[in-house]
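Next up, my_file_30.pdb (PDB, C-alpha atoms):
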ATOM      1  CA  MET A 105     105.192  14.428 -67.807
ATOM      2  CA  THR A 106     105.470  18.206 -67.543
ATOM      3  CA  THR A 107     105.145  21.130 -69.926
ATOM      4  CA  ALA A 108     106.797  24.393 -68.905
ATOM      5  CA  TRP A 109     105.809  27.608 -70.659
ATOM      6  CA  HIS A 110     108.437  30.264 -71.372
ATOM      7  CA  CYS A 111     106.570  33.275 -72.779
ATOM      8  CA  TYR A 112     108.194  36.436 -74.098
ATOM      9  CA  ASP A 113     106.952  39.807 -75.300
ATOM     10  CA  ARG A 114     109.150  39.761 -78.392
ATOM     11  CA  ARG A 115     110.457  37.046 -80.695
ATOM     12  CA  ASP A 116     114.059  38.187 -80.354
ATOM     13  CA  MET A 117     113.806  37.679 -76.594
ATOM     14  CA  MET A 118     112.464  34.167 -77.123
ATOM     15  CA  VAL A 119     115.227  33.363 -79.608
ATOM     16  CA  ALA A 120     117.908  34.583 -77.204
ATOM     17  CA  ALA A 121     116.511  32.514 -74.334
ATOM     18  CA  LEU A 122     116.205  29.353 -76.407
ATOM     19  CA  ARG A 123     119.679  29.891 -77.851
ATOM     20  CA  ASP A 124     121.140  30.098 -74.352
ATOM     21  CA  ALA A 125     119.254  26.995 -73.162
ATOM     22  CA  THR A 126     120.362  24.986 -76.192
ATOM     23  CA  VAL A 127     123.972  26.126 -76.007
ATOM     24  CA  ALA A 128     124.106  25.149 -72.330
ATOM     25  CA  LYS A 129     123.027  21.586 -73.155
ATOM     26  CA  LEU A 130     125.470  21.257 -76.056
ATOM     27  CA  ARG A 131     128.386  22.682 -74.083
ATOM     28  CA  GLU A 132     127.676  20.353 -71.190
ATOM     29  CA  SER A 133     127.942  17.324 -73.471
ATOM     30  CA  LEU A 134     130.994  18.675 -75.307
ATOM     31  CA  THR A 135     132.757  19.138 -71.979
ATOM     32  CA  LYS A 136     131.775  15.734 -70.644
ATOM     33  CA  TYR A 137     131.977  13.552 -73.755
ATOM     34  CA  GLY A 138     133.752  15.554 -76.451
ATOM     35  CA  ARG A 139     130.691  15.429 -78.722
ATOM     36  CA  ALA A 140     127.151  16.773 -78.681
ATOM     37  CA  ALA A 141     123.968  16.103 -80.648
ATOM     38  CA  TRP A 142     121.140  18.480 -81.519
ATOM     39  CA  ALA A 143     117.997  17.445 -83.410
ATOM     40  CA  VAL A 144     116.307  20.294 -85.277
ATOM     41  CA  SER A 145     113.108  20.974 -87.184
ATOM     42  CA  GLY A 146     112.601  22.881 -90.410
ATOM     43  CA  GLY A 147     110.040  25.546 -91.209
ATOM     44  CA  SER A 148     110.222  29.314 -90.986
ATOM     45  CA  THR A 149     109.833  29.626 -87.193
ATOM     46  CA  PRO A 150     113.320  28.380 -86.180
ATOM     47  CA  ALA A 151     115.205  30.387 -88.835
ATOM     48  CA  PRO A 152     116.144  33.211 -86.407
ATOM     49  CA  LEU A 153     117.331  30.636 -83.869
ATOM     50  CA  PHE A 154     119.578  28.956 -86.436
ATOM     51  CA  GLU A 155     121.009  32.340 -87.413
ATOM     52  CA  ALA A 156     121.711  33.088 -83.745
ATOM     53  CA  MET A 157     123.223  29.658 -83.116
ATOM     54  CA  SER A 158     125.523  29.989 -86.127
ATOM     55  CA  ALA A 159     127.232  32.910 -84.370
ATOM     56  CA  VAL A 160     127.916  30.994 -81.141
ATOM     57  CA  PRO A 161     131.559  29.927 -80.616
ATOM     58  CA  LEU A 162     131.049  26.228 -79.973
ATOM     59  CA  ASP A 163     133.270  23.316 -80.976
ATOM     60  CA  TRP A 164     130.923  22.794 -83.908
ATOM     61  CA  ALA A 165     133.161  20.211 -85.568
ATOM     62  CA  HIS A 166     132.096  17.882 -82.767
ATOM     63  CA  VAL A 167     128.384  18.700 -82.875
ATOM     64  CA  ASP A 168     125.998  16.422 -84.773
ATOM     65  CA  VAL A 169     122.982  18.352 -86.066
ATOM     66  CA  ALA A 170     120.308  15.848 -87.102
ATOM     67  CA  LEU A 171     116.912  16.394 -88.680
ATOM     68  CA  VAL A 172     113.819  15.861 -86.526
ATOM     69  CA  ASP A 173     111.828  15.075 -89.660
ATOM     70  CA  GLU A 174     111.917  15.381 -93.412
ATOM     71  CA  ARG A 175     109.609  15.568 -96.371
ATOM     72  CA  TRP A 176     110.555  12.835 -98.823
ATOM     73  CA  VAL A 177     112.080  15.248-101.318
ATOM     74  CA  GLY A 178     115.609  15.885-102.529
ATOM     75  CA  THR A 179     117.832  18.555-101.021
ATOM     76  CA  ASP A 180     117.323  20.619-104.182
ATOM     77  CA  HIS A 181     113.594  20.859-103.415
ATOM     78  CA  PRO A 182     112.366  24.192-101.974
ATOM     79  CA  ARG A 183     110.619  22.394 -99.091
ATOM     80  CA  SER A 184     113.598  20.283 -98.034
ATOM     81  CA  ASN A 185     114.234  20.629 -94.310
ATOM     82  CA  GLU A 186     117.844  19.562 -94.708
ATOM     83  CA  ALA A 187     118.534  22.257 -97.288
ATOM     84  CA  PHE A 188     116.848  24.831 -95.048
ATOM     85  CA  VAL A 189     118.952  23.876 -92.019
ATOM     86  CA  ARG A 190     122.159  23.876 -94.030
ATOM     87  CA  GLY A 191     121.385  27.328 -95.382
ATOM     88  CA  CYS A 192     120.455  28.898 -92.029
ATOM     89  CA  LEU A 193     122.822  27.151 -89.626
ATOM     90  CA  LYS A 194     125.881  25.677 -91.330
ATOM     91  CA  LYS A 195     127.835  28.916 -91.692
ATOM     92  CA  ASN A 196     129.796  31.442 -89.665
ATOM     93  CA  LYS A 197     131.098  29.710 -86.527
ATOM     94  CA  ALA A 198     128.862  26.675 -87.189
ATOM     95  CA  LYS A 199     130.229  25.959 -90.661
ATOM     96  CA  ASP A 200     131.931  22.773 -89.430
ATOM     97  CA  ALA A 201     128.823  21.238 -87.827
ATOM     98  CA  ARG A 202     128.025  17.752 -89.082
ATOM     99  CA  ILE A 203     124.534  17.771 -90.599
ATOM    100  CA  ILE A 204     122.784  14.385 -90.530
ATOM    101  CA  GLY A 205     119.902  14.334 -92.963
ATOM    102  CA  MET A 206     117.168  11.780 -93.483
ATOM    103  CA  LYS A 207     116.647  11.737 -97.246
ATOM    104  CA  THR A 208     118.151   8.802 -99.111
ATOM    105  CA  PRO A 209     117.997   7.768-102.789
ATOM    106  CA  HIS A 210     115.096   5.407-102.019
ATOM    107  CA  GLU A 211     111.936   6.269-103.914
ATOM    108  CA  HIS A 212     109.710   5.925-100.863
ATOM    109  CA  ALA A 213     110.313   6.788 -97.226
ATOM    110  CA  ALA A 214     109.163   3.364 -96.029
ATOM    111  CA  GLU A 215     111.922   1.724 -98.069
ATOM    112  CA  ALA A 216     114.547   3.891 -96.396
ATOM    113  CA  ALA A 217     113.704   3.344 -92.728
ATOM    114  CA  ALA A 218     116.479   0.825 -92.048
ATOM    115  CA  THR A 219     119.078   2.973 -93.808
ATOM    116  CA  VAL A 220     118.075   6.119 -91.944
ATOM    117  CA  ASN A 221     118.080   4.317 -88.597
ATOM    118  CA  ALA A 222     121.567   2.993 -89.302
ATOM    119  CA  ARG A 223     122.680   6.545 -90.104
ATOM    120  CA  TYR A 224     121.242   7.884 -86.836
ATOM    121  CA  ALA A 225     122.771   4.996 -84.891
ATOM    122  CA  LEU A 226     126.172   6.601 -85.534
ATOM    123  CA  ILE A 227     125.197   9.342 -83.064
ATOM    124  CA  PRO A 228     126.787   7.923 -79.904
ATOM    125  CA  ARG A 229     124.265   9.060 -77.295
ATOM    126  CA  ALA A 230     120.756  10.415 -76.888
ATOM    127  CA  PHE A 231     120.164  13.921 -78.211
ATOM    128  CA  ASP A 232     121.294  16.663 -75.884
ATOM    129  CA  SER A 233     118.506  18.864 -77.196
ATOM    130  CA  VAL A 234     115.571  18.443 -79.590
ATOM    131  CA  LEU A 235     113.893  21.392 -81.277
ATOM    132  CA  LEU A 236     110.257  20.797 -82.231
ATOM    133  CA  GLY A 237     107.677  22.873 -84.052
ATOM    134  CA  LEU A 238     103.899  22.754 -84.200
ATOM    135  CA  GLY A 239     101.418  22.693 -87.063
ATOM    136  CA  PRO A 240      97.896  24.134 -87.013
ATOM    137  CA  ASP A 241      96.559  20.561 -87.137
ATOM    138  CA  GLY A 242      98.365  19.614 -83.927
ATOM    139  CA  HIS A 243     101.245  17.739 -85.546
ATOM    140  CA  THR A 244     104.809  17.988 -84.326
ATOM    141  CA  ALA A 245     107.857  16.527 -86.053
ATOM    142  CA  SER A 246     106.097  14.574 -88.840
ATOM    143  CA  LEU A 247     103.707  12.936 -86.409
ATOM    144  CA  PHE A 248     100.519  13.894 -88.224
ATOM    145  CA  PRO A 249      96.999  13.115 -87.016
ATOM    146  CA  GLY A 250      95.778   9.907 -88.638
ATOM    147  CA  ALA A 251      99.022   9.291 -90.523
ATOM    148  CA  GLU A 252      99.889   5.809 -91.687
ATOM    149  CA  GLY A 253     102.625   4.600 -89.331
ATOM    150  CA  LEU A 254     101.673   6.977 -86.508
ATOM    151  CA  GLU A 255     100.978   4.284 -83.916
ATOM    152  CA  LYS A 256     104.259   2.571 -84.652
ATOM    153  CA  ALA A 257     106.070   5.894 -84.230
ATOM    154  CA  PHE A 258     104.376   6.332 -80.841
ATOM    155  CA  ASP A 259     105.211   2.821 -79.603
ATOM    156  CA  MET A 260     107.230   3.583 -76.483
ATOM    157  CA  LYS A 261     108.588   0.022 -76.500
ATOM    158  CA  GLY A 262     109.929   0.490 -80.012
ATOM    159  CA  LYS A 263     113.680   0.556 -80.537
ATOM    160  CA  ARG A 264     113.852   2.633 -83.715
ATOM    161  CA  THR A 265     115.013   6.228 -83.689
ATOM    162  CA  CYS A 266     113.271   7.090 -86.960
ATOM    163  CA  ALA A 267     110.064   5.953 -88.623
ATOM    164  CA  ALA A 268     108.454   6.456 -92.021
ATOM    165  CA  LEU A 269     104.959   7.932 -92.078
ATOM    166  CA  LYS A 270     102.424   8.758 -94.754
ATOM    167  CA  ALA A 271     100.218  11.671 -93.793
ATOM    168  CA  ILE A 272      96.697  12.365 -94.962
ATOM    169  CA  LYS A 273      97.027  15.044 -97.609
ATOM    170  CA  SER A 274      95.904  18.479 -96.418
ATOM    171  CA  ASP A 275      96.737  22.146 -96.729
ATOM    172  CA  VAL A 276      99.278  21.576 -93.966
ATOM    173  CA  THR A 277     101.105  18.668 -95.611
ATOM    174  CA  GLY A 278     100.985  19.968 -99.152
ATOM    175  CA  ASP A 279     101.865  17.349-101.754
ATOM    176  CA  GLU A 280     104.661  15.880 -99.624
ATOM    177  CA  VAL A 281     102.724  13.295 -97.639
ATOM    178  CA  GLU A 282     105.598  10.825 -97.338
ATOM    179  CA  ARG A 283     107.766  11.715 -94.352
ATOM    180  CA  MET A 284     110.535  10.444 -92.126
ATOM    181  CA  SER A 285     110.415  11.415 -88.464
ATOM    182  CA  LEU A 286     112.014  10.859 -85.112
ATOM    183  CA  THR A 287     109.886   8.491 -83.057
ATOM    184  CA  ALA A 288     108.298   9.366 -79.735
ATOM    185  CA  PRO A 289     110.697   7.134 -77.743
ATOM    186  CA  ALA A 290     113.710   8.728 -79.444
ATOM    187  CA  ILE A 291     112.448  12.199 -78.522
ATOM    188  CA  ALA A 292     111.677  11.014 -74.987
ATOM    189  CA  CYS A 293     115.303   9.952 -74.504
ATOM    190  CA  ALA A 294     116.585  13.479 -75.184
ATOM    191  CA  HIS A 295     117.984  15.526 -72.299
ATOM    192  CA  HIS A 296     116.109  18.654 -73.371
ATOM    193  CA  VAL A 297     113.054  19.046 -75.608
ATOM    194  CA  ALA A 298     112.009  22.526 -76.737
ATOM    195  CA  LEU A 299     108.830  23.357 -78.635
ATOM    196  CA  MET A 300     109.199  26.706 -80.413
ATOM    197  CA  ILE A 301     105.997  28.474 -81.497
ATOM    198  CA  THR A 302     104.939  31.987 -82.402
ATOM    199  CA  GLY A 303     101.614  33.776 -82.705
ATOM    200  CA  GLU A 304      98.266  33.538 -80.976
ATOM    201  CA  ASP A 305      96.936  30.880 -83.377
ATOM    202  CA  LYS A 306      99.668  28.350 -82.566
ATOM    203  CA  LYS A 307      99.348  29.130 -78.875
ATOM    204  CA  LYS A 308      95.622  28.385 -79.027
ATOM    205  CA  VAL A 309      96.199  25.116 -80.903
ATOM    206  CA  LEU A 310      98.687  23.987 -78.271
ATOM    207  CA  GLN A 311      96.551  25.047 -75.317
ATOM    208  CA  GLU A 312      93.545  23.188 -76.714
ATOM    209  CA  ALA A 313      95.659  20.104 -77.421
ATOM    210  CA  LEU A 314      96.992  20.031 -73.887
ATOM    211  CA  SER A 315      93.560  20.519 -72.343
ATOM    212  CA  THR A 316      90.722  19.058 -74.416
ATOM    213  CA  LYS A 317      92.154  17.603 -77.635
ATOM    214  CA  ARG A 318      94.388  15.016 -76.067
ATOM    215  CA  ASP A 319      94.322  12.786 -79.144
ATOM    216  CA  LEU A 320      96.386  15.258 -81.178
ATOM    217  CA  PRO A 321     100.001  14.131 -81.699
ATOM    218  CA  VAL A 322     101.543  17.053 -79.809
ATOM    219  CA  ALA A 323      99.368  16.237 -76.781
ATOM    220  CA  ARG A 324     100.232  12.550 -77.011
ATOM    221  CA  LEU A 325     103.911  13.444 -77.094
ATOM    222  CA  ALA A 326     103.511  15.671 -74.043
ATOM    223  CA  GLU A 327     102.228  12.626 -72.154
ATOM    224  CA  VAL A 328     105.590  10.866 -72.541
ATOM    225  CA  VAL A 329     108.073  13.743 -72.852
ATOM    226  CA  ASP A 330     108.940  16.737 -70.650
ATOM    227  CA  ILE A 331     108.631  19.745 -72.977
ATOM    228  CA  ASP A 332     109.820  23.316 -72.570
ATOM    229  CA  ILE A 333     107.498  25.543 -74.608
ATOM    230  CA  TYR A 334     108.980  28.769 -75.981
ATOM    231  CA  TRP A 335     106.381  31.235 -77.227
ATOM    232  CA  ALA A 336     106.271  34.838 -78.414
ATOM    233  CA  PRO A 337     103.587  36.781 -80.323
TER     234      PRO A 337
END

How does this structure look as structure tokens?
Amino acid sequence: MTTAWHCYDRRDMMVAALRDATVAKLRESLTKYGRAAWAVSGGSTPAPLFEAMSAVPLDWAHVDVALVDERWVGTDHPRSNEAFVRGCLKKNKAKDARIIGMKTPHEHAAEAAATVNARYALIPRAFDSVLLGLGPDGHTASLFPGAEGLEKAFDMKGKRTCAALKAIKSDVTGDEVERMSLTAPAIACAHHVALMITGEDKKKVLQEALSTKRDLPVARLAEVVDIDIYWAP
């Protein structure tokens, strides 16, 4: 598979370019099918993109915005990806977007896998665009190195859209080691996959993963998915 780098001198330039690429994919599906689907990640990096997307005049009432991954915490938790996305994106012109979260009342993520997959099965087609991030340990989505459930999530013959994982606790994971994540085959089915990163440190992590550290999850994903990398200092 291929990785294409899109590098910019400033973050606002990167955000504008990624906004335009994402909007093009969503509009294409809205025109053709009457609905569109966008899978998004949490974290601080995509916040400016969500702000920019919220100002775009799309038929947001017919856009499904689904989580790429989630910490197994409630939406009232400060590290909830769903709460973050709702706060940054679901406003202005995007106030009518349908947010599809992963968290359920189940105590553990593994208990909720069937429920979450049934929820995501209501999205009628493959994602028009998927927005990924990158951690300093080489994880993307919640596909963490050495995580329990990682191999199942990378099974390209698997039929599930989402999988429960339990990461090895680290400074990167924090206390929230139980996660729900899109699987590699679900990401591979998307029409457009963007990896949004900033800073020299993340760039170095990704370059090393794609060259010498091929066992890292982001490198493994790049072997089965075409990825457009958007980077700015």

For Cys293 of chain A, the closest of A:Leu269, A:Val234, A:Ala245, A:Ala213 counting all atoms listed in the file is A:Val234

Given all atoms listed in the file as the basis, pick out the residue of A:Leu238, A:Met284, A:Ile203, A:Val329 nearest to Asp168 of chain A.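 Under the stated criterion, the closest residue is A:Ile203.
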
Check what the PyMOL selection byres ((chain A and resi 222) around 12) selects in the file above and give those residues as a VMD selection string. chain A and resid 204 206 208 216 to 221 223 to 228 264 to 267

For the structure provided, state which residues fall under the PyMOL selection byres ((chain A and resi 300) around 6), and present them as a list in words. Gly237, Leu299, Ile301 and Tyr334 of chain A

Spatial neighbours of segment 127-143 of chain A, 8 Å, all atoms listed in the file, chain gap at least 2 places, as a list of chain:residue names: A:Arg123, A:Asp124, A:Ala125, A:Ser145, A:Met157, A:Leu162, A:Asp163, A:His166, A:Val167, A:Asp168, A:Val169, A:Ala170, A:Leu171, A:Val172, A:Ile227, A:Arg229, A:Ala230, A:Phe231, A:Asp232, A:Ser233, A:Val234, A:Leu235, A:His295, A:His296

Please expand the PyMOL selection byres ((chain A and resi 248) around 9) into the concrete residues it hits in this file, giving the result as a PyMOL selection string. chain A and resi 239+241-247+249-252+254+269-272+277+320-321

Create the file for the chosen residues now, containing C-alpha atoms and written as an mmCIF file, in the coordinates of the input.
data_model
loop_
_atom_site.group_PDB
_atom_site.id
_atom_site.type_symbol
_atom_site.label_atom_id
_atom_site.label_comp_id
_atom_site.auth_asym_id
_atom_site.auth_seq_id
_atom_site.Cartn_x
_atom_site.Cartn_y
_atom_site.Cartn_z
ATOM 1 C CA GLY A 239 101.418 22.693 -87.063
ATOM 2 C CA ASP A 241 96.559 20.561 -87.137
ATOM 3 C CA GLY A 242 98.365 19.614 -83.927
ATOM 4 C CA HIS A 243 101.245 17.739 -85.546
ATOM 5 C CA THR A 244 104.809 17.988 -84.326
ATOM 6 C CA ALA A 245 107.857 16.527 -86.053
ATOM 7 C CA SER A 246 106.097 14.574 -88.840
ATOM 8 C CA LEU A 247 103.707 12.936 -86.409
ATOM 9 C CA PRO A 249 96.999 13.115 -87.016
ATOM 10 C CA GLY A 250 95.778 9.907 -88.638
ATOM 11 C CA ALA A 251 99.022 9.291 -90.523
ATOM 12 C CA GLU A 252 99.889 5.809 -91.687
ATOM 13 C CA LEU A 254 101.673 6.977 -86.508
ATOM 14 C CA LEU A 269 104.959 7.932 -92.078
ATOM 15 C CA LYS A 270 102.424 8.758 -94.754
ATOM 16 C CA ALA A 271 100.218 11.671 -93.793
ATOM 17 C CA ILE A 272 96.697 12.365 -94.962
ATOM 18 C CA THR A 277 101.105 18.668 -95.611
ATOM 19 C CA LEU A 320 96.386 15.258 -81.178
ATOM 20 C CA PRO A 321 100.001 14.131 -81.699
#

Produce the centre coordinates and the three edge lengths, each in Å to one decimal, of the box along x, y and z that contains all listed atoms of segment 106-114 of chain A with 3 Å added on each side, as lines of an AutoDock Vina configuration file.
center_x = 107.1
center_y = 29.0
center_z = -73.0
size_x = 10.0
size_y = 27.6
size_z = 16.8

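Among A:Val276, A:Ala198, A:Val177, A:Leu286, the residue with the shortest atom-to-atom distance to Pro161 of chain A, counting all atoms listed in the file, is A:Ala198.
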
List as a list of chain:residue names the protein and nucleic acid residues near Trp109 of chain A, meaning an atom at most 9 Å away when all atoms listed in the file are counted, but skip any in the same chain fewer than 3 places from it.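 The residues that qualify are A:Ile331, A:Asp332, A:Ile333, A:Tyr334, A:Trp335.
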
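Using all atoms listed in the file, the shortest contact distance between Val322 of chain A and any of A:Ala201, A:His212, A:Glu304, A:Val309 is found at A:Val309.
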
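Across A:Ala108, A:Trp164, A:Thr126, A:Pro182, the tightest approach to Glu280 of chain A is made by A:Pro182 when counting only C-alpha atoms.
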
Could you name the residues that touch Asp259 of chain A at 8 Å or less, counting only C-alpha atoms, but leaving out those on the same chain fewer than 3 positions away, as a PyMOL selection string? chain A and resi 255-256+262+288-289

For segment 315-332 of chain A, where the input has fewer atoms than it should, I would like N, CA, C and O atoms rebuilt and written as a short mmCIF file (atom, residue, chain, number, x, y, z; two decimals), in the coordinates of the input.
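Result file is result_31.cif:
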data_model
loop_
_atom_site.label_atom_id
_atom_site.label_comp_id
_atom_site.auth_asym_id
_atom_site.auth_seq_id
_atom_site.Cartn_x
_atom_site.Cartn_y
_atom_site.Cartn_z
N SER A 315 94.69 20.52 -73.27
CA SER A 315 93.56 20.52 -72.34
C SER A 315 92.43 19.59 -72.80
O SER A 315 92.06 18.66 -72.07
N THR A 316 91.91 19.80 -73.99
CA THR A 316 90.72 19.06 -74.42
C THR A 316 90.93 18.14 -75.61
O THR A 316 90.18 17.19 -75.80
N LYS A 317 91.93 18.40 -76.43
CA LYS A 317 92.15 17.60 -77.64
C LYS A 317 93.36 16.71 -77.45
O LYS A 317 94.36 16.79 -78.18
N ARG A 318 93.24 15.83 -76.47
CA ARG A 318 94.39 15.02 -76.07
C ARG A 318 94.78 13.95 -77.07
O ARG A 318 95.82 13.30 -76.91
N ASP A 319 93.97 13.77 -78.13
CA ASP A 319 94.32 12.79 -79.14
C ASP A 319 95.26 13.36 -80.20
O ASP A 319 95.79 12.61 -81.03
N LEU A 320 95.48 14.66 -80.21
CA LEU A 320 96.39 15.26 -81.18
C LEU A 320 97.82 14.83 -80.88
O LEU A 320 98.21 14.66 -79.73
N PRO A 321 98.64 14.64 -81.92
CA PRO A 321 100.00 14.13 -81.70
C PRO A 321 100.82 14.94 -80.72
O PRO A 321 101.56 14.37 -79.90
N VAL A 322 100.73 16.27 -80.74
CA VAL A 322 101.54 17.05 -79.81
C VAL A 322 101.13 16.79 -78.36
O VAL A 322 101.97 16.75 -77.46
N ALA A 323 99.84 16.56 -78.13
CA ALA A 323 99.37 16.24 -76.78
C ALA A 323 99.82 14.83 -76.37
O ALA A 323 100.20 14.61 -75.22
N ARG A 324 99.77 13.91 -77.30
CA ARG A 324 100.23 12.55 -77.01
C ARG A 324 101.72 12.55 -76.67
O ARG A 324 102.17 11.82 -75.78
N LEU A 325 102.49 13.37 -77.38
CA LEU A 325 103.91 13.44 -77.09
C LEU A 325 104.15 14.04 -75.71
O LEU A 325 105.04 13.59 -74.98
N ALA A 326 103.36 15.03 -75.36
CA ALA A 326 103.51 15.67 -74.04
C ALA A 326 103.21 14.72 -72.90
O ALA A 326 103.62 14.97 -71.76
N GLU A 327 102.51 13.62 -73.18
CA GLU A 327 102.23 12.63 -72.15
C GLU A 327 103.45 11.77 -71.83
O GLU A 327 103.52 11.16 -70.77
N VAL A 328 104.42 11.74 -72.73
CA VAL A 328 105.59 10.87 -72.54
C VAL A 328 106.91 11.63 -72.54
O VAL A 328 107.97 11.03 -72.35
N VAL A 329 106.86 12.94 -72.75
CA VAL A 329 108.07 13.74 -72.85
C VAL A 329 107.90 15.03 -72.04
O VAL A 329 106.85 15.67 -72.10
N ASP A 330 108.92 15.42 -71.29
CA ASP A 330 108.94 16.74 -70.65
C ASP A 330 109.28 17.77 -71.73
O ASP A 330 110.32 17.65 -72.40
N ILE A 331 108.44 18.77 -71.90
CA ILE A 331 108.63 19.74 -72.98
C ILE A 331 108.70 21.16 -72.42
O ILE A 331 107.85 21.57 -71.62
N ASP A 332 109.71 21.89 -72.85
CA ASP A 332 109.82 23.32 -72.57
C ASP A 332 109.24 24.07 -73.77
O ASP A 332 109.77 23.95 -74.89
#
